[in-house]
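Just below is one structure, and these are the notes that go with it.
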Amino acid sequence: MNFTTRKIKRVRSARFLAAALGSTVAVSSLSVMSVSAATSHASVPTILLYNAQGYGDKVAAAFNATNPGFKIVVDDDSTGPLFTKIQAEMAAGSPKWGLFWADGAAPFAALDTQGYLLHNIVAKSTAYNAAGLTNLPADKSFAPTGLTVMGSLCYDSIASKGVTLPTTFAGLTKLPKGVLGMNDPTQSGPTYPMIAGIMAHLGGITAKMNPSKAQVAAAVKKGEAYFLALKKNGLEVHPTNGPTLGAMETNPATLDMAIIQSSACYGDINAQPKSLWPTGKVKYLDYSIALTSNIAVDAKLPPALQKDAEKFVAFVASAKGQVAMQHGDPYGDGLFWPVIKGVAPEKFVPNFNTTHAFAINPYVWGPLENQINSWFVKNIIN
Amino acid sequence: MSSPSFQPARVEIKDVRKEFGTKVALNGVSLVVEPGTFTVLLGPSGSGKTTLLRCLAGIEQPSSGEITIGQQMVFGPGRFVSPDKRDLSMVFQDYALWPHMTVRKNIAFPLVGSSLSKPDRTRRVDNLLERVGISALADRYPNELSGGEQQRVALARALSARVGLVLFDEPLSNLDTDRRDQLRIEIATLTRDAGVTAVYITHDQSEAFALADRVGVLRQGELVQYTRPEKIYRHPKSAFVARFTGVAGEFAVTNVREISEKRVTVQLPFAPHMFIEATKSENSPYDKDPHLFVRASAVTLHPATSTEGAPGVIRDVAYNGRGYEHVVEVGEKATLTKVYSVDRFDRGDCVKVMLDPVSCFVMNAQEEA
Amino acid sequence: MTTSTLTHNSLSRLRRIPWSGLVVWVVLLLLIIIPVMTFIAVAVSPRLFHQGSSYFTLSNISAALQGYTGRGIVDSLWVSTLVGVFAVTFATAIAWIVQRTNIYGRRIWSGAMWLLLLVPTWMTTLGWTDVVAPGELGSALGVHTLFFYHMFYGASGIVFVLTTAALPFSYFVISVGMRGLGSEFEDAARVHGGGRMLTVRTVLPIIAPALLSAFAISFAEAMSDFGVAFTLGSSAHFPIATYTLFNSIYAFPANFPVAAVIAAVLILSTVPPVFLQARVMRGRSYAVLSGRTRSVRRHQFRPWTRVGITATVGLFMFFVLGLPLIGAITSSFTNTASFMTSTGIHWTLQSYKNVFQPLPSFTTLGPPLWTSNQLGLWVASATLILAYVLARRMASRTPGIGQRITDVFLLGSIAIPGIVLGVGYIFFYDQHFITSHVVDLYETMPLLIMGLIASAVPSQARLLTGPVGQIQSSLNEAARVHGATKWRAFHSTSLPLLSRALVWAWLLTFTKTISELAIAQILYQPGHEPASVVIETYLGTIWASIGAAATVITLLEMVGVIGVVLLIFRLVMPKGWRRIGEAGVSS
């Protein structure tokens, strides 16, 4: 066989190989379309759960295993995109979502204000504990499913050696310069509730109150003064939990402590297989701000499916459901305080008097988020 | 696309009009090209010759009219035949050789899909390569060839499919003068040997006259004159045709007097004592603004001592290999250019200029609108 | 008039209708125009979508143009202008050095530009964060990075990241323009006494169409970038429009009307660059080339200058691409919240393991990456066809009002932020009458594919306009006249000349689809997240190192696919095709 023939054979082989490879890829990529077809021909009714919680799909799987009549299909994503999708679907008039599960009450209050949520989704028999009852709205348009707190003081025991740890929020303004950090409320969802909670606490506005505009304005002013004082003392703002915790864990640390979400701190300290932050610690000040995870049902869901959705709500607001949540994300969102009587928190989560957690009224503070965040960005973030 | 039974095409263009927005590129052009003839469309830029050629090729679609190539109406009311079905080929001004194909493949392109067997195709391509003198370049790529070689390839490609009609879009305009003449001869020979009908466009009058069986002069989208080259030369239909096909000089005249059916005498303002005999142009009046148009071939130079002819002074002389071309000043702001003589007259020499009435015409300088 | 004449006239009229153009515009209507206009309609008619009480109001326009959002628009305009200028300046310099001089490693620098094009802005930002954030790579190397950290999260960082994102677009558009520029222009300038600078100033206007096109694309891309807004966030004194738009949409409740106004302003802001470009070009075309292009002569630097120039370009590319990649890669080899910890640097492959054996609340990368690849295949192929058709219209040598409209439309579409497209798709395709009586596409793969195509087509069409426009029309005409059908003429003549550009365009869209986040996040089918959505869940958490590992794996996979495709292309490409693009032959 001469050189030219060998070359021609080689080119022909290469072309055949390319054609075979291309055909294989093209045929196998058809499966991406059959995904759609398969979904549209599901044999049982499905309810789409828009889920921002780490344990969502595990809990849904546990529920589906014992409820064959319908299926909870989980759409996992961050709160922001899910919330946007819900609102856009409602605006378009053909919502796909049936259930929404996320941290914080403000998004739910906003949806409820627009009439998007089904009311009275919580069964009378639900065994809420005090924390659960405190955070349950009057119209039961959304149901609390777990409690974490914002404003826990997360600190590195080595970096903060020599610093007297404060016991109150007021004490944070007297720390040495530049040792305290927090997250950016425009990037980190749970941070705004903390800011609102501090403002509400300073203004004496509880969750059950119906404050006047003047009362709220006064509380906001007090809160602004407070954060300005923190800033004067060198408050460091990082975008989200990752960089904030990183700033404490690094060597040399650029932050000694930070006021963040309790579950984030516990998760970092207690992550498996071994702790990523063995010197990390959590301390609570004179109060914390309650941040509940909540679940709600689409008001436009067909009546038959509404009943099914409420079954899922009842499940997560039961002892069995609470345990499934804990096991579903043991190093993250699962580190919450249960809102159902008789359920203990995970071993990494210390005993904590959950009434210590100051709840805010999301219907009052939710609409102020844009305004307060804008002020924060302009005056606090460098 | 090759025609197993080759027939040179008859081309009929009937009242073809083409508009580009508000601009009228072709304004009702009609002409017939007889089979096997070589027709040249001559005109300046913007005359519509390129547009007409592209309409013939099917690359442009006319706004109205009819075009028939051979037995097939290729354009008409409700009808448009695509270029690939028109049984024609084309030589482009920029050669349009495909840079990723060898010379051989370029030439063989029109034969793909034909009824010829592969050996026959190879044979035909080889023949053409030899005929145009580029056999040694068969496996080269276009960018490795000179301009003249590329145009030869383009010519061979156009002839490979033995179509009835070959179009030429100013194929020589990008070549050097010496190559141009050489290639012009090859185009003429090869096309006539092949027996195809040819339509060729150019703005070069000498090229047109050298190649054509018939010449069509276009101006602003209209066909002004369409006839044999000799007739255009000797009987230009209008001042534009006369000027475009080459005049040595153009002078306003007075006292135009008919002396026979075809002849007149005129008086030149700068030589009022002389009466110059000239030809009446057919179909072109001389009533309003008569001018004398003098072809270069009409002028002969004689020594100043000659008793006949108008006096003149040599302003410039250039040798062109076969003789001398002179610029002769015959009066105030009146010159004759490209005046040929075997003998050389030097700059500043006084001469006598004789004009042959056969190649001098009297017409109005401005045409009717 | 007889019946047959009537039929002839009707047929003649029917034939004159540009059917292919109509089909293209119908496709564009469904892909881009209708969804985006639906979203923008909310700005003036909020009640149509239950976003307010008025069917017509201008109050949202005035609200959006004032205060924080108004400032964001102004900031975006000047930032994008600055980005356009910087990108074109650097790109021209690098393109000239790589194309026209004897710099070492020409292919490496061109390859680096491709890599830069593939890397989305959120990846670049992630990498830079892993370098400059306290306790990260910079700190480990002993560099005091706090200053750079704060600078990065401000105007400088935003301009820097957007410029690096726009740089490769500019580079490739300008390179195409420069590649075909024969040395004769420079020679003519130098022969007539021009020094080096004068020669450059003489030659640059010849490639003005490419420069302006590069500026316009860079401007539009900067205006619409979502990655920077999503990752860098706001700065106290420096909001940008995409960030305020993102904030408006993600607020509780969402302020769609104000977001719609901002989106409309972003789109309209691209009109001036288009008209500026048209004015300067004035009938000039991209066509610098034909089959007669001569080879380009490279400027020969002296040895030490050559080394110096190569080092400068290398340093620049290291800074722009290498450093953030290194940041992301080093971060991926740890599993702590910061690179340096109080117990030292913990090198580990654990993050890579966790990518495919995820922690309880996360998703493995495998199936999402496969989903992304399949999406890439569909989107890249469809986009290529549509973009080529549009590029041909753009490169037409008989410019008319249609071409101008297409130009404005394409550039305006580049400026549409992905999130606007995503929400617009929900607003339109999730309409009750559409889902009930036409087709229910929302939250299905086909709709996601449509959205991704809509996002990719405008920039790809503009990128292809240069190469398409460079081909002399006579090459295709010659094929047609010599018996080739339209299809044969295309695949025999145009396709070979465009093959390289088309393959790269396909690869670009394929990789961009995999890394695209904004639209994917809004439109993906539940349970079938693409890779970018999965990676995003890690970012900003303490598990960011897993996100970095997933990013590295995804990037390697994209580069691998590029390598395989190019290898296949090289193996199966006929010899003649390979000549295109090499010295002396145009492409």
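Letters A, B, ... mark the chains of the structure tokens in the order given; residue numbers begin at 1 per chain; ligand numbers begin at 1, in order shown.
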Can you check which parts of chain C lie within 6 Å of chain A? Per residue, the shortest pair of atoms and distance in Å to one decimal, counting only C-alpha atoms, sorted by chain and number, as CSV.
```
residue,atom,partner,partner_atom,distance
C:Phe49,CA,A:Ala91,CA,4.8
C:His50,CA,A:Ala91,CA,5.7
C:Gly135,CA,A:Thr250,CA,4.8
C:Ala236,CA,A:Lys378,CA,4.6
C:Tyr250,CA,A:Gly80,CA,5.4
C:Phe252,CA,A:Pro107,CA,5.4
C:Pro253,CA,A:Ala110,CA,5.4
C:Thr336,CA,A:Leu276,CA,5.9
C:Ala337,CA,A:Gly246,CA,4.6
C:Ser338,CA,A:Gly246,CA,4.4
C:Met340,CA,A:Thr250,CA,4.8
C:Thr341,CA,A:Thr250,CA,4.0
C:Ser342,CA,A:Asn251,CA,4.9
C:Pro360,CA,A:Asp329,CA,5.4
C:Ser361,CA,A:Gly54,CA,4.4
C:Gln374,CA,A:Ser29,CA,4.9
C:Phe427,CA,A:Ala92,CA,4.8
C:Asp430,CA,A:Ser94,CA,5.6
C:Gln431,CA,A:Ala92,CA,4.8
C:His432,CA,A:Ser94,CA,5.1
C:Thr444,CA,A:Ser36,CA,5.5
C:Pro526,CA,A:Asp75,CA,4.6
C:Gly527,CA,A:Asp75,CA,5.9
C:Gly540,CA,A:Gly242,CA,5.0
C:Thr541,CA,A:Gly242,CA,4.3
C:Ile542,CA,A:Gly242,CA,4.3
C:Val572,CA,A:Arg15,CA,5.3
```
**Request:** Output the contact residues of chain B with respect to chain C at a cut-off of 6 Å, based on only C-alpha atoms, as a list in words.
**Result:**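 That gives Met1, Gly78, Pro83, Asp84, Ser89, Ala96, Pro99, His100, Met101 and Pro110 of chain B for chain B.
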Would you export the selected residues with C-alpha atoms as a CSV table (one decimal), in the first residue's frame, please?
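Below is the file selection_1.csv, written as the result:
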```csv
chain,number,residue,atom,x,y,z
B,1,MET,CA,-24.7,21.5,-16.9
B,78,GLY,CA,-44.1,35.6,-14.1
B,83,PRO,CA,-28.6,31.2,-13.3
B,84,ASP,CA,-27.7,27.5,-13.0
B,89,SER,CA,-21.0,30.6,-18.3
B,96,ALA,CA,-13.8,34.7,-9.2
B,99,PRO,CA,-9.2,29.9,-3.6
B,100,HIS,CA,-9.6,26.5,-2.0
B,101,MET,CA,-9.7,24.6,-5.3
B,110,PRO,CA,-19.1,23.2,-14.3
```
**Request:** Quick one: everything within 7 Å of Ser141 in chain A, counting only C-alpha atoms, minus sequence neighbours fewer than 2 positions away in the same chain. Send it as a PyMOL selection string.
**Result:** chain A and resi 112+117-121+137+139+143+296
**Nearest residue to Ser206 in chain B from the set B:Leu268, B:Gly46, B:Asp181, B:Arg219 (distances using only C-alpha atoms)** =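 Comparing B:Leu268, B:Gly46, B:Asp181, B:Arg219 against Ser206 in chain B, the winner is B:Asp181.
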**Message:** Would you pick out the contacts of Thr270 in chain C at 7 Å or less, using only C-alpha atoms, so that residues sharing its chain but fewer than 2 positions from it are not included, and give the list as a ChimeraX atom specification?
**Reply:** /C:220,267-268,272-274,411-412
